[in-house]
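*Asks:* Just final.cif, nothing more (mmCIF, C-alpha atoms):
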```cif
data_model
#
loop_
_atom_site.label_atom_id
_atom_site.label_comp_id
_atom_site.auth_asym_id
_atom_site.auth_seq_id
_atom_site.Cartn_x
_atom_site.Cartn_y
_atom_site.Cartn_z
CA MET P 66 -13.69 5.08 -8.19
CA PRO P 67 -14.15 2.81 -5.15
CA PRO P 68 -15.13 -0.77 -5.99
CA SER P 69 -18.69 -1.90 -5.46
CA GLY P 70 -19.73 -4.62 -3.06
CA ASP P 71 -19.43 -5.32 0.65
CA TRP P 72 -15.91 -4.55 1.91
CA ARG P 73 -14.16 -2.86 4.81
CA THR P 74 -10.75 -2.03 3.30
CA TRP P 75 -9.91 -1.06 -0.27
CA LEU P 76 -6.25 -1.94 -0.79
CA LEU P 77 -4.84 -0.11 -3.80
CA LEU P 78 -1.47 -1.72 -4.61
CA ALA P 79 0.05 0.16 -7.53
CA GLY P 80 3.28 1.39 -9.02
CA ARG P 81 4.70 4.90 -9.03
CA GLY P 82 2.61 7.34 -11.02
CA PHE P 83 -0.41 5.04 -11.24
CA GLY P 84 -2.69 7.57 -9.57
CA LYS P 85 -2.85 6.29 -5.98
CA THR P 86 -2.91 9.74 -4.39
CA ARG P 87 -5.61 10.98 -6.75
CA SER P 88 -7.67 7.88 -5.99
CA GLY P 89 -7.31 8.43 -2.24
CA ALA P 90 -8.26 12.10 -2.48
CA GLU P 91 -11.31 11.32 -4.64
CA PHE P 92 -12.30 8.55 -2.21
CA VAL P 93 -12.40 11.13 0.60
CA ARG P 94 -14.57 13.47 -1.49
CA ILE P 95 -16.94 10.63 -2.40
CA GLN P 96 -17.26 9.51 1.21
CA ILE P 97 -18.09 13.04 2.33
CA GLY P 98 -20.68 13.31 -0.44
CA GLU P 99 -22.26 10.10 0.86
CA GLY P 100 -22.63 11.51 4.36
CA ARG P 101 -19.39 10.69 6.19
CA ARG P 102 -18.48 13.35 8.72
CA ARG P 103 -15.24 12.30 10.45
CA ILE P 104 -12.36 11.24 8.21
CA ALA P 105 -8.85 10.15 9.26
CA LEU P 106 -5.92 10.90 6.94
CA VAL P 107 -2.91 8.82 8.00
CA ALA P 108 0.55 9.04 6.41
CA PRO P 109 4.02 7.80 7.41
CA THR P 110 4.86 11.27 8.81
CA ALA P 111 3.05 14.54 9.51
CA ALA P 112 4.93 16.15 6.61
CA ASP P 113 3.74 13.40 4.25
CA ALA P 114 0.13 13.95 5.28
CA ARG P 115 0.44 17.68 4.63
CA ASP P 116 2.62 17.64 1.50
CA VAL P 117 1.07 14.67 -0.30
CA MET P 118 -2.43 13.94 0.95
CA VAL P 119 -3.60 17.53 1.49
CA GLU P 120 -1.41 19.97 -0.45
CA GLY P 121 0.06 17.64 -3.09
CA GLU P 122 -0.46 17.91 -6.84
CA SER P 123 -3.13 15.21 -6.58
CA GLY P 124 -4.10 15.87 -2.98
CA ILE P 125 -7.44 16.86 -1.52
CA LEU P 126 -7.09 20.59 -2.10
CA ALA P 127 -6.05 20.07 -5.73
CA VAL P 128 -8.99 17.82 -6.64
CA SER P 129 -11.71 19.72 -4.78
CA PRO P 130 -13.89 22.06 -6.89
CA PRO P 131 -14.32 25.68 -5.73
CA TRP P 132 -17.90 25.08 -4.54
CA ASP P 133 -16.81 22.19 -2.32
CA MET P 134 -13.37 23.36 -1.22
CA PRO P 135 -12.51 22.49 2.40
CA HIS P 136 -11.05 25.07 4.75
CA TYR P 137 -7.58 23.90 5.71
CA GLU P 138 -6.11 24.70 9.13
CA PRO P 139 -2.56 23.29 9.20
CA SER P 140 -2.00 24.16 12.87
CA LYS P 141 -5.04 22.07 13.82
CA ARG P 142 -4.25 19.33 11.27
CA ARG P 143 -7.82 19.74 10.04
CA LEU P 144 -9.88 20.25 6.89
CA THR P 145 -13.49 21.37 7.21
CA TRP P 146 -15.98 21.10 4.33
CA PRO P 147 -18.95 23.42 3.73
CA ASN P 148 -21.33 20.66 4.89
CA GLY P 149 -19.52 20.37 8.24
CA ALA P 150 -17.49 17.22 7.51
CA ILE P 151 -14.03 17.17 9.06
CA ALA P 152 -10.86 15.34 8.03
CA THR P 153 -7.94 15.19 10.47
CA THR P 154 -4.35 14.34 9.52
CA TYR P 155 -2.32 11.89 11.57
CA SER P 156 1.26 10.65 11.50
CA ALA P 157 1.88 6.91 11.81
CA ASP P 158 4.96 7.93 13.80
CA GLU P 159 2.56 8.85 16.61
CA PRO P 160 0.10 5.95 16.90
CA GLU P 161 -1.12 7.14 20.31
CA ARG P 162 -2.76 10.17 18.66
CA LEU P 163 -5.18 7.69 17.07
CA ARG P 164 -6.19 6.39 20.48
CA GLY P 165 -9.51 8.01 21.28
CA PRO P 166 -10.68 9.81 18.12
CA GLN P 167 -13.58 8.19 16.28
CA HIS P 168 -14.02 8.10 12.50
CA ASP P 169 -16.42 6.78 9.91
CA ALA P 170 -13.88 6.64 7.06
CA ALA P 171 -10.11 6.80 6.58
CA TRP P 172 -7.41 7.16 3.95
CA CYS P 173 -4.05 5.54 4.73
CA ASP P 174 -1.12 6.34 2.45
CA GLU P 175 2.08 4.30 1.93
CA ILE P 176 1.25 1.98 4.80
CA ASP P 177 4.25 -0.21 3.98
CA SER P 178 6.50 2.66 5.13
CA TRP P 179 4.83 3.22 8.49
CA ARG P 180 7.46 3.02 11.24
CA TYR P 181 4.91 1.83 13.79
CA PRO P 182 2.35 -0.56 12.23
CA GLU P 183 0.35 -0.42 15.50
CA ALA P 184 -0.96 2.89 14.17
CA TRP P 185 -3.19 0.72 11.96
CA ASP P 186 -4.55 -1.09 15.03
CA MET P 187 -5.31 2.20 16.79
CA LEU P 188 -7.06 3.47 13.66
CA MET P 189 -9.19 0.31 13.42
CA PHE P 190 -10.31 0.64 17.06
CA GLY P 191 -11.52 4.16 16.31
CA LEU P 192 -13.24 3.33 13.02
CA ARG P 193 -16.60 2.85 14.71
CA LEU P 194 -18.89 5.66 13.60
CA ASP P 195 -21.78 5.20 11.17
CA ILE P 196 -23.06 1.75 10.16
CA ASP P 197 -20.46 0.99 7.49
CA PRO P 198 -17.05 2.62 8.13
CA ARG P 199 -14.58 2.13 5.31
CA VAL P 200 -10.91 2.77 4.63
CA VAL P 201 -8.77 3.05 1.52
CA VAL P 202 -5.09 2.10 1.66
CA THR P 203 -2.93 3.50 -1.17
CA THR P 204 0.56 2.10 -1.29
CA THR P 205 3.46 0.80 -3.33
CA PRO P 206 3.84 -2.73 -1.96
CA LYS P 207 6.70 -4.04 0.14
CA PRO P 208 6.83 -7.55 1.65
CA VAL P 209 5.92 -6.42 5.16
CA LYS P 210 3.59 -8.04 7.67
CA ILE P 211 0.79 -5.49 7.44
CA ILE P 212 0.56 -5.85 3.64
CA ARG P 213 0.38 -9.66 3.95
CA GLU P 214 -2.35 -9.37 6.57
CA LEU P 215 -4.42 -7.02 4.43
CA LEU P 216 -4.04 -9.30 1.41
CA ALA P 217 -5.28 -12.26 3.47
CA ASP P 218 -8.18 -10.39 5.10
CA PRO P 219 -11.53 -11.48 3.60
CA THR P 220 -12.95 -7.98 4.15
CA THR P 221 -10.28 -6.45 1.88
CA VAL P 222 -10.92 -5.75 -1.79
CA ILE P 223 -7.74 -5.38 -3.84
CA THR P 224 -6.96 -3.20 -6.85
CA ARG P 225 -3.60 -3.67 -8.57
CA GLY P 226 -1.97 -1.49 -11.18
CA SER P 227 1.37 -0.56 -12.72
CA SER P 228 3.02 2.71 -13.67
CA TYR P 229 2.41 1.89 -17.33
CA GLU P 230 -1.37 2.13 -16.97
CA ASN P 231 -1.22 5.89 -16.43
CA ARG P 232 1.40 6.59 -19.04
CA ALA P 233 -0.75 9.13 -20.90
CA ASN P 234 -0.68 11.43 -17.87
CA LEU P 235 3.02 11.11 -16.99
CA ALA P 236 6.07 12.89 -18.38
CA ASP P 237 7.73 11.21 -21.36
CA ALA P 238 11.10 11.71 -19.66
CA PHE P 239 9.92 9.56 -16.74
CA PHE P 240 9.55 6.58 -19.06
CA ALA P 241 12.55 7.42 -21.22
CA GLN P 242 14.95 7.67 -18.28
CA ILE P 243 13.60 6.37 -14.98
CA VAL P 244 11.39 3.52 -16.14
CA ARG P 245 13.86 2.30 -18.75
CA LYS P 246 16.59 2.19 -16.10
CA TYR P 247 14.62 0.12 -13.60
CA GLU P 248 12.19 -2.00 -15.60
CA GLY P 249 13.00 -5.67 -15.30
CA THR P 250 15.01 -5.15 -12.09
CA ARG P 251 13.87 -6.22 -8.65
CA LEU P 252 13.35 -2.60 -7.60
CA GLY P 253 11.43 -1.91 -10.80
CA ARG P 254 9.15 -4.90 -10.27
CA GLN P 255 8.25 -3.49 -6.86
CA GLU P 256 8.06 0.23 -7.61
CA LEU P 257 6.72 0.11 -11.19
CA ASN P 258 4.77 -3.15 -11.43
CA ALA P 259 3.67 -3.19 -7.78
CA GLU P 260 4.75 -6.79 -7.17
CA VAL P 261 5.01 -8.01 -3.58
CA LEU P 262 8.48 -9.56 -3.54
CA ASP P 263 8.87 -11.94 -0.63
CA ASP P 264 12.36 -13.28 -1.29
CA VAL P 265 15.51 -11.40 -0.32
CA PRO P 266 17.99 -11.22 -3.21
CA GLY P 267 21.10 -13.32 -2.59
CA ALA P 268 19.51 -15.28 0.26
CA LEU P 269 20.70 -18.86 0.77
CA TRP P 270 17.09 -20.05 0.86
CA ASN P 271 14.19 -18.63 -1.12
CA ARG P 272 10.59 -19.71 -1.65
CA ALA P 273 11.27 -21.48 -4.94
CA ARG P 274 14.19 -23.41 -3.40
CA LEU P 275 12.17 -24.44 -0.38
CA GLU P 276 9.34 -25.68 -2.55
CA GLU P 277 11.80 -27.65 -4.67
CA LEU P 278 13.21 -29.42 -1.60
CA ARG P 279 9.96 -29.82 0.36
CA TRP P 280 9.60 -33.27 1.99
CA PRO P 281 8.07 -35.62 1.11
CA PRO P 282 9.07 -34.75 -2.43
CA ARG P 283 6.69 -35.12 -5.33
CA ALA P 284 7.84 -36.71 -8.57
CA PRO P 285 9.56 -33.65 -10.09
CA ARG P 286 11.05 -32.83 -6.72
CA ARG P 287 12.44 -36.35 -6.35
CA ILE P 288 14.36 -35.77 -9.55
CA ALA P 289 15.68 -32.44 -8.25
CA LEU P 290 16.64 -34.04 -4.94
CA ALA P 291 18.38 -36.91 -6.68
CA ARG P 292 20.40 -34.43 -8.72
CA LEU P 293 21.44 -32.56 -5.60
CA GLN P 294 22.47 -35.79 -3.91
CA GLU P 295 24.50 -36.79 -6.96
CA ARG P 296 26.26 -33.42 -6.94
CA ALA P 297 27.02 -33.84 -3.24
CA ARG P 298 28.51 -37.30 -3.82
CA THR P 299 30.60 -36.00 -6.73
CA HIS P 300 31.88 -33.13 -4.61
CA ALA P 301 32.76 -35.52 -1.76
CA ASP P 302 34.66 -37.84 -4.17
CA ARG P 303 36.67 -34.91 -5.49
CA ARG P 304 37.63 -33.85 -1.98
CA ARG P 305 38.80 -37.40 -1.13
CA HIS P 306 41.00 -37.49 -4.22
#
```
Could you take the file, read its structure, and then write that structure out as structure tokens?

*Replies:*
Amino acid sequence: MPPSGDWRTWLLLAGRGFGKTRSGAEFVRIQIGEGRRRIALVAPTAADARDVMVEGESGILAVSPPWDMPHYEPSKRRLTWPNGAIATTYSADEPERLRGPQHDAAWCDEIDSWRYPEAWDMLMFGLRLDIDPRVVVTTTPKPVKIIRELLADPTTVITRGSSYENRANLADAFFAQIVRKYEGTRLGRQELNAEVLDDVPGALWNRARLEELRWPPRAPRRIALARLQERARTHADRRRH
């Protein structure tokens, strides 16, 4: 269910199997029930929009009841509901297709994998119908610019969740094999726990290191700096000898 309150973007950051696709599909149905008439469905590719958002196991066609089933026209990239509402699929690989069309709601899937983030800008320029256009973004987080911007935007409301929260509806083998293999790893923290990991593994400098050495140092940092200086002097003495 969409959160209550005054917001423009609902950012759903969640792990694999949490139910992001189902949430996005239900969001579209709710928006149409509330009177929206022009919906944008944007995915990383055209195939993703078709296979996941529309025809997927938790996509729009799967969650729609028989009495409110939209008519799907793949060649026109369009779904039409009995009340006249229309949803159009778009690929983030073709941001120019979003230049011109107007919408009063949108569902963006896996935005962290969009090849051309300017597709988001084109979508925002066209989100100008009705008095309160809204968008849901369903994604597994990666430390990319567009995710950071959405997290910092005051008009964004954020929902976080992990794969474990939907365990009752997922295959036991998924947890016995896949989850057990990756939990605790960097990839598992991102894909299962939906953590936004800023630091690159193995990098010479990371956020924690920079904070430790920030100048002017605070008391604990002075101690850390003194230790580093002592190590440097010891290393220099060894080289001289």

*Asks:* On this structure, the PyMOL selection byres ((chain P and resi 77) around 9) would catch which residues? List them as a list in words, sorted by chain and number.

*Replies:*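 Applying the PyMOL selection byres ((chain P and resi 77) around 9) to the structure shown produces Trp75, Leu76, Leu78, Ala79, Lys85, Ser88, Val201, Val202, Thr203, Thr204, Thr205, Val222, Ile223, Thr224, Arg225 and Gly226 of chain P.
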
*Asks:* May I ask which of the residues P:Ala150, P:Val200, P:Val128, P:Ile97 is the closest one to Cys173 (chain P), counting only C-alpha atoms?

*Replies:*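 Comparing P:Ala150, P:Val200, P:Val128, P:Ile97 against Cys173 (chain P), the winner is P:Val200.
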
*Asks:* Excluding Trp172 (chain P) and its own-chain neighbours fewer than 3 positions away, which residues fall within 10 Å of it when counting all atoms listed in the file? Please give them as an mmCIF file with C-alpha atoms, keeping the file's coordinate frame.

*Replies:*
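The result, stored in part.cif:
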```cif
data_model
loop_
_atom_site.group_PDB
_atom_site.id
_atom_site.type_symbol
_atom_site.label_atom_id
_atom_site.label_comp_id
_atom_site.auth_asym_id
_atom_site.auth_seq_id
_atom_site.Cartn_x
_atom_site.Cartn_y
_atom_site.Cartn_z
ATOM 1 C CA THR P 74 -10.750 -2.030 3.300
ATOM 2 C CA TRP P 75 -9.910 -1.060 -0.270
ATOM 3 C CA THR P 86 -2.910 9.740 -4.390
ATOM 4 C CA SER P 88 -7.670 7.880 -5.990
ATOM 5 C CA GLY P 89 -7.310 8.430 -2.240
ATOM 6 C CA ALA P 90 -8.260 12.100 -2.480
ATOM 7 C CA PHE P 92 -12.300 8.550 -2.210
ATOM 8 C CA VAL P 93 -12.400 11.130 0.600
ATOM 9 C CA ILE P 104 -12.360 11.240 8.210
ATOM 10 C CA ALA P 105 -8.850 10.150 9.260
ATOM 11 C CA LEU P 106 -5.920 10.900 6.940
ATOM 12 C CA VAL P 107 -2.910 8.820 8.000
ATOM 13 C CA ALA P 108 0.550 9.040 6.410
ATOM 14 C CA MET P 118 -2.430 13.940 0.950
ATOM 15 C CA ALA P 152 -10.860 15.340 8.030
ATOM 16 C CA THR P 154 -4.350 14.340 9.520
ATOM 17 C CA ARG P 199 -14.580 2.130 5.310
ATOM 18 C CA VAL P 200 -10.910 2.770 4.630
ATOM 19 C CA VAL P 201 -8.770 3.050 1.520
ATOM 20 C CA VAL P 202 -5.090 2.100 1.660
ATOM 21 C CA THR P 203 -2.930 3.500 -1.170
#
```

*Asks:* Give the centre and edge lengths of an axis-aligned box, in Å to one decimal, that holds all listed atoms of region 224-228 of chain P with 4 Å on each side, as lines of an AutoDock Vina configuration file.

*Replies:*
```
center_x = -2.0
center_y = -0.5
center_z = -10.3
size_x = 18.0
size_y = 14.4
size_z = 14.8
```

*Asks:* Determine, counting only C-alpha atoms, which protein, DNA and RNA residues have an atom within 10 Å of an atom of region 130-134 of chain P; residues of the same chain fewer than 4 positions away are not included. Present the result as JSON, numbers by chain.

*Replies:* {"P": [94, 98, 125, 126, 144, 145, 146, 147, 148]}

*Asks:* Write the residues you've just listed into a file as a PDB file, in the coordinates of the input, and include C-alpha atoms for each of them.

*Replies:*
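Result saved to result-v2.pdb:
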```pdb
ATOM      1  CA  ARG P  94     -14.570  13.470  -1.490  1.00  0.00           C
ATOM      2  CA  GLY P  98     -20.680  13.310  -0.440  1.00  0.00           C
ATOM      3  CA  ILE P 125      -7.440  16.860  -1.520  1.00  0.00           C
ATOM      4  CA  LEU P 126      -7.090  20.590  -2.100  1.00  0.00           C
ATOM      5  CA  LEU P 144      -9.880  20.250   6.890  1.00  0.00           C
ATOM      6  CA  THR P 145     -13.490  21.370   7.210  1.00  0.00           C
ATOM      7  CA  TRP P 146     -15.980  21.100   4.330  1.00  0.00           C
ATOM      8  CA  PRO P 147     -18.950  23.420   3.730  1.00  0.00           C
ATOM      9  CA  ASN P 148     -21.330  20.660   4.890  1.00  0.00           C
TER      10      ASN P 148
END
```

*Asks:* For each of P:Val119, P:Ala233, P:Ile176, P:Ala114, take the minimum atom-to-atom distance to Gly84 (chain P), counting all atoms listed in the file, then give the residue where this is smallest.

*Replies:*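 Closest to Gly84 (chain P), using all atoms listed in the file: P:Ala233.
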
*Asks:* Would you mind reading off the distance between CA of Gln96 (chain P) and CA of Asp158 (chain P), one decimal, in Å?

*Replies:*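 Going from CA of Gln96 (chain P) over to CA of Asp158 (chain P), I get 25.6 Å.
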
*Asks:* Considering all atoms listed in the file, return as JSON, numbers by chain whatever protein or nucleic-acid residues lie within 8 Å of region 187-192 of chain P, sequence-local ones (same chain, fewer than 6 positions apart) excluded.

*Replies:* {"P": [160, 161, 163, 164, 165, 166, 167, 168, 169, 170, 171, 198, 199]}

*Asks:* Restricting the calculation to all atoms listed in the file, which member of P:Asp177, P:Pro182, P:Thr220, P:Ala238 is positioned closest to Lys207 (chain P)?

*Replies:*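 Using all atoms listed in the file, Lys207 (chain P) sits closest to P:Asp177.
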
*Asks:* Calculated over only C-alpha atoms, which of the candidates P:Gln294, P:Ser156, P:Ile211, P:Ser227 has the smallest distance to Asp113 (chain P)?

*Replies:*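 Nearest to Asp113 (chain P): P:Ser156.
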
*Asks:* Pick the closest to Asp195 (chain P) from P:Gly100, P:Gly80, P:Pro68, P:Pro139: which is it, counting only C-alpha atoms?

*Replies:*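 The closest residue to Asp195 (chain P) is P:Gly100.
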
*Asks:* Suppose you want the space between CA of Asp218 (chain P) and CA of Thr153 (chain P); what is it in Å?

*Replies:* 26.1 Å
